[in-house]
Amino acid sequence: MILVTGATGNVGREVVKLLLADGEKIAAVTRNPSAAKLPGDAHVIGGDPSRPTTLASALSGVEAVFLSPRAVGHGTAELLALVAAQGAKRVTVISAVTVEYGGGYRRFADAYKAVEDTVKASGLEWTILRCADFAANTLVWAPQMRTTGVVRGAYGDAATSTIDERDVAAVAARTLVNHRHGERAYVLTGPQSLTQRDKVRSIGAAIGKPLSWEEISAQQVRQAMIAQGLPDEVPDRLLGYLADRIEQPGPSSTAVEEILGRPARTFARWANDHAEAFRQAPRQRGNDG
């Protein structure tokens, strides 16, 4: 059985789907099982992965762990010790390209590096996935695109090789079941370096609507994000990294193609696949608990 933390996130949900399609048994961890909306064959575990003792009774038979640092928080060492005691053999962890290539505020890279070090010291066979920024991050632009057709943001010329989160999930699923990837750290990126302005134009092409970028100050963006209720660390993480990508574009790698035997998905393809999210507001949902 494979334990998936962060199972309701963009990557975790896709990992669950891919592993189930391959016939694997999945234990999907979520703090709110009634609202998880995971595939029916997934064994959903209610608990808080940042407090691993809440999961202890469900860890028997776990052979591998997909570790999402955002979900597990400071509980990484304790969780891995618990699953190792139950006989688990492997762990795959999501990390960030900043650990290897730098960029942005050092404290964020240091936090990922601390998780990586904990994973390496766990005694489990480990695989580290150092990811570029996810394509799904651009969904924050959707309200502006729908209402004005203009994205107001900072550092429009910052360039990164944004990765489709489905490719991250596909690589993660492969590493969880294949010993060949043990003791390896991979840099995962998309196939091309694009500025933020490029990505806006690509979404516009996908939805058949001209979209434009309007440059505003980083402080204005930061204030807007905090006004929306986001903690300070979110704009700090985003804007700090983008500022450094003006002079030096983010890294690009071919690891996705090498591992999966096919090219990484382009941002244009991601935009086409998610076009409806930018065309119209999400439908209102009833209270699902």
# chains A, B, ... in the order shown; residues from 1 in each chain; ligands from 1
$ select_by_dssp --residues "region 144-233 of chain A" --states "alpha helix (DSSP H)" --output "PyMOL selection string"
chain A and resi 144-147+165-177+196-207+218-227+233
$ residues_around --residues "Val83 (chain A)" --least-positions-apart "4" --cutoff "7 Å" --atoms "only C-alpha atoms" --output "JSON, numbers by chain"
{"A": [59, 62, 79, 87, 88]}
$ atom_distance --atom1 "CA of Glu183 (chain A)" --atom2 "CA of Leu129 (chain A)"
11.2 Å
$ closest_residue --among "A:His274, A:Lys17, A:Lys37, A:Lys89" --to "Ser202 (chain A)" --atoms "only C-alpha atoms"
A:His274
$ residues_around --residues "Ser50 (chain A)" --least-positions-apart "4" --cutoff "8 Å" --atoms "only C-alpha atoms" --output "JSON, numbers by chain"
{"A": [71, 72, 73, 74, 75, 76]}
$ closest_residue --among "A:Ala255, A:Leu55, A:Val171, A:Ala64" --to "Lys25 (chain A)" --atoms "only C-alpha atoms"
A:Ala64
$ residues_around --residues "Val187 (chain A)" --least-positions-apart "4" --cutoff "10 Å" --atoms "only C-alpha atoms" --output "list in words"
Ser95, Ala96, Val97, Thr98, Val99, Glu100, Tyr101, Ile128, Leu129, Arg130, Cys131, Ala132, Pro251, Ser252, Ser253, Thr254, Ala255 and Val256 of chain A
$ closest_residue --among "A:Pro39, A:Pro235, A:Gly153, A:Gly103" --to "Ile26 (chain A)" --atoms "only C-alpha atoms"
A:Pro39
$ atom_distance --atom1 "CA of His181 (chain A)" --atom2 "CA of Thr162 (chain A)"
22.9 Å
$ select_by_dssp --residues "region 197-279 of chain A" --states "strand (DSSP E or B)" --output "MDAnalysis selection string"
chainID A and resid 212:215
$ residues_around --residues "Glu233 (chain A)" --least-positions-apart "6" --cutoff "12 Å" --atoms "only C-alpha atoms" --output "list of chain:residue names"
A:Gly104, A:Tyr105, A:Arg107, A:Phe108, A:Arg222, A:Met225, A:Ile226, A:Leu239, A:Gly240, A:Tyr241
$ write_last_selection --atoms "all heavy atoms" --output "PDB file, in the first residue's frame"
ATOM      1  N   GLY A 104      15.052  33.907  -4.721  1.00  0.00           N
ATOM      2  CA  GLY A 104      14.096  34.264  -3.689  1.00  0.00           C
ATOM      3  C   GLY A 104      14.733  34.301  -2.316  1.00  0.00           C
ATOM      4  O   GLY A 104      15.952  34.253  -2.164  1.00  0.00           O
ATOM      5  N   TYR A 105      13.900  34.392  -1.290  1.00  0.00           N
ATOM      6  CA  TYR A 105      14.395  34.452   0.083  1.00  0.00           C
ATOM      7  C   TYR A 105      14.960  33.097   0.506  1.00  0.00           C
ATOM      8  O   TYR A 105      14.313  32.060   0.317  1.00  0.00           O
ATOM      9  CB  TYR A 105      13.275  34.871   1.035  1.00  0.00           C
ATOM     10  CG  TYR A 105      12.795  36.279   0.820  1.00  0.00           C
ATOM     11  CD1 TYR A 105      11.567  36.540   0.224  1.00  0.00           C
ATOM     12  CD2 TYR A 105      13.584  37.364   1.210  1.00  0.00           C
ATOM     13  CE1 TYR A 105      11.121  37.844   0.014  1.00  0.00           C
ATOM     14  CE2 TYR A 105      13.153  38.670   1.002  1.00  0.00           C
ATOM     15  CZ  TYR A 105      11.927  38.896   0.405  1.00  0.00           C
ATOM     16  OH  TYR A 105      11.507  40.191   0.195  1.00  0.00           O
ATOM     17  N   ARG A 107      15.267  31.640   3.238  1.00  0.00           N
ATOM     18  CA  ARG A 107      14.592  30.841   4.266  1.00  0.00           C
ATOM     19  C   ARG A 107      13.645  29.806   3.664  1.00  0.00           C
ATOM     20  O   ARG A 107      13.431  28.746   4.261  1.00  0.00           O
ATOM     21  CB  ARG A 107      13.836  31.745   5.239  1.00  0.00           C
ATOM     22  CG  ARG A 107      12.632  32.479   4.678  1.00  0.00           C
ATOM     23  CD  ARG A 107      12.007  33.353   5.749  1.00  0.00           C
ATOM     24  NE  ARG A 107      10.783  34.006   5.336  1.00  0.00           N
ATOM     25  CZ  ARG A 107      10.737  35.195   4.734  1.00  0.00           C
ATOM     26  NH1 ARG A 107      11.869  35.830   4.447  1.00  0.00           N
ATOM     27  NH2 ARG A 107       9.579  35.739   4.414  1.00  0.00           N
ATOM     28  N   PHE A 108      13.094  30.091   2.488  1.00  0.00           N
ATOM     29  CA  PHE A 108      12.178  29.130   1.882  1.00  0.00           C
ATOM     30  C   PHE A 108      12.939  27.924   1.332  1.00  0.00           C
ATOM     31  O   PHE A 108      12.514  26.779   1.505  1.00  0.00           O
ATOM     32  CB  PHE A 108      11.354  29.803   0.794  1.00  0.00           C
ATOM     33  CG  PHE A 108      10.452  30.888   1.309  1.00  0.00           C
ATOM     34  CD1 PHE A 108      10.584  32.197   0.876  1.00  0.00           C
ATOM     35  CD2 PHE A 108       9.476  30.612   2.248  1.00  0.00           C
ATOM     36  CE1 PHE A 108       9.768  33.201   1.361  1.00  0.00           C
ATOM     37  CE2 PHE A 108       8.641  31.610   2.746  1.00  0.00           C
ATOM     38  CZ  PHE A 108       8.799  32.911   2.305  1.00  0.00           C
ATOM     39  N   ARG A 222       1.789  42.599  -3.253  1.00  0.00           N
ATOM     40  CA  ARG A 222       1.858  42.032  -1.908  1.00  0.00           C
ATOM     41  C   ARG A 222       0.656  42.471  -1.073  1.00  0.00           C
ATOM     42  O   ARG A 222       0.022  41.649  -0.393  1.00  0.00           O
ATOM     43  CB  ARG A 222       3.159  42.465  -1.231  1.00  0.00           C
ATOM     44  CG  ARG A 222       3.433  41.782   0.105  1.00  0.00           C
ATOM     45  CD  ARG A 222       4.788  42.218   0.671  1.00  0.00           C
ATOM     46  NE  ARG A 222       5.144  41.380   1.800  1.00  0.00           N
ATOM     47  CZ  ARG A 222       4.714  41.573   3.039  1.00  0.00           C
ATOM     48  NH1 ARG A 222       3.888  42.584   3.296  1.00  0.00           N
ATOM     49  NH2 ARG A 222       5.093  40.769   4.013  1.00  0.00           N
ATOM     50  N   MET A 225      -2.521  40.662  -2.133  1.00  0.00           N
ATOM     51  CA  MET A 225      -2.574  39.265  -1.713  1.00  0.00           C
ATOM     52  C   MET A 225      -2.889  39.152  -0.222  1.00  0.00           C
ATOM     53  O   MET A 225      -3.682  38.299   0.194  1.00  0.00           O
ATOM     54  CB  MET A 225      -1.252  38.571  -2.048  1.00  0.00           C
ATOM     55  CG  MET A 225      -0.984  38.465  -3.539  1.00  0.00           C
ATOM     56  SD  MET A 225       0.626  37.726  -3.949  1.00  0.00           S
ATOM     57  CE  MET A 225       0.283  35.985  -3.662  1.00  0.00           C
ATOM     58  N   ILE A 226      -2.290  40.019   0.570  1.00  0.00           N
ATOM     59  CA  ILE A 226      -2.559  39.995   2.008  1.00  0.00           C
ATOM     60  C   ILE A 226      -4.005  40.406   2.284  1.00  0.00           C
ATOM     61  O   ILE A 226      -4.672  39.852   3.162  1.00  0.00           O
ATOM     62  CB  ILE A 226      -1.559  40.908   2.746  1.00  0.00           C
ATOM     63  CG1 ILE A 226      -0.155  40.288   2.669  1.00  0.00           C
ATOM     64  CG2 ILE A 226      -1.977  41.104   4.201  1.00  0.00           C
ATOM     65  CD1 ILE A 226       0.932  41.167   3.237  1.00  0.00           C
ATOM     66  N   LEU A 239       6.994  36.622  -4.828  1.00  0.00           N
ATOM     67  CA  LEU A 239       7.621  37.830  -5.367  1.00  0.00           C
ATOM     68  C   LEU A 239       9.140  37.801  -5.224  1.00  0.00           C
ATOM     69  O   LEU A 239       9.863  38.285  -6.095  1.00  0.00           O
ATOM     70  CB  LEU A 239       7.046  39.060  -4.667  1.00  0.00           C
ATOM     71  CG  LEU A 239       5.556  39.312  -4.932  1.00  0.00           C
ATOM     72  CD1 LEU A 239       5.010  40.376  -3.989  1.00  0.00           C
ATOM     73  CD2 LEU A 239       5.330  39.718  -6.383  1.00  0.00           C
ATOM     74  N   GLY A 240       9.620  37.222  -4.132  1.00  0.00           N
ATOM     75  CA  GLY A 240      11.059  37.120  -3.965  1.00  0.00           C
ATOM     76  C   GLY A 240      11.692  36.279  -5.057  1.00  0.00           C
ATOM     77  O   GLY A 240      12.758  36.620  -5.593  1.00  0.00           O
ATOM     78  N   TYR A 241      11.025  35.189  -5.410  1.00  0.00           N
ATOM     79  CA  TYR A 241      11.561  34.316  -6.455  1.00  0.00           C
ATOM     80  C   TYR A 241      11.493  34.995  -7.827  1.00  0.00           C
ATOM     81  O   TYR A 241      12.456  34.970  -8.597  1.00  0.00           O
ATOM     82  CB  TYR A 241      10.797  32.996  -6.485  1.00  0.00           C
ATOM     83  CG  TYR A 241      11.390  31.995  -7.451  1.00  0.00           C
ATOM     84  CD1 TYR A 241      12.645  31.441  -7.221  1.00  0.00           C
ATOM     85  CD2 TYR A 241      10.710  31.608  -8.602  1.00  0.00           C
ATOM     86  CE1 TYR A 241      13.206  30.530  -8.100  1.00  0.00           C
ATOM     87  CE2 TYR A 241      11.257  30.704  -9.482  1.00  0.00           C
ATOM     88  CZ  TYR A 241      12.506  30.156  -9.225  1.00  0.00           C
ATOM     89  OH  TYR A 241      13.063  29.267 -10.121  1.00  0.00           O
TER      90      TYR A 241
END
$ closest_residue --among "A:Thr175, A:Thr147, A:Thr118, A:Thr8" --to "Arg90 (chain A)" --atoms "only C-alpha atoms"
A:Thr175
$ closest_residue --among "A:Arg180, A:Arg269, A:Arg166, A:Arg237" --to "Ala111 (chain A)" --atoms "only C-alpha atoms"
A:Arg237
$ atom_distance --atom1 "CA of Ser161 (chain A)" --atom2 "CA of Arg197 (chain A)"
13.3 Å
$ closest_residue --among "A:Val221, A:Leu124, A:Ala136, A:Leu260" --to "Val151 (chain A)" --atoms "only C-alpha atoms"
A:Val221
$ residues_around --residues "Asp22 (chain A)" --least-positions-apart "6" --cutoff "12 Å" --atoms "only C-alpha atoms" --output "ChimeraX atom specification"
/A:15-16,41,170,173-174,176-177
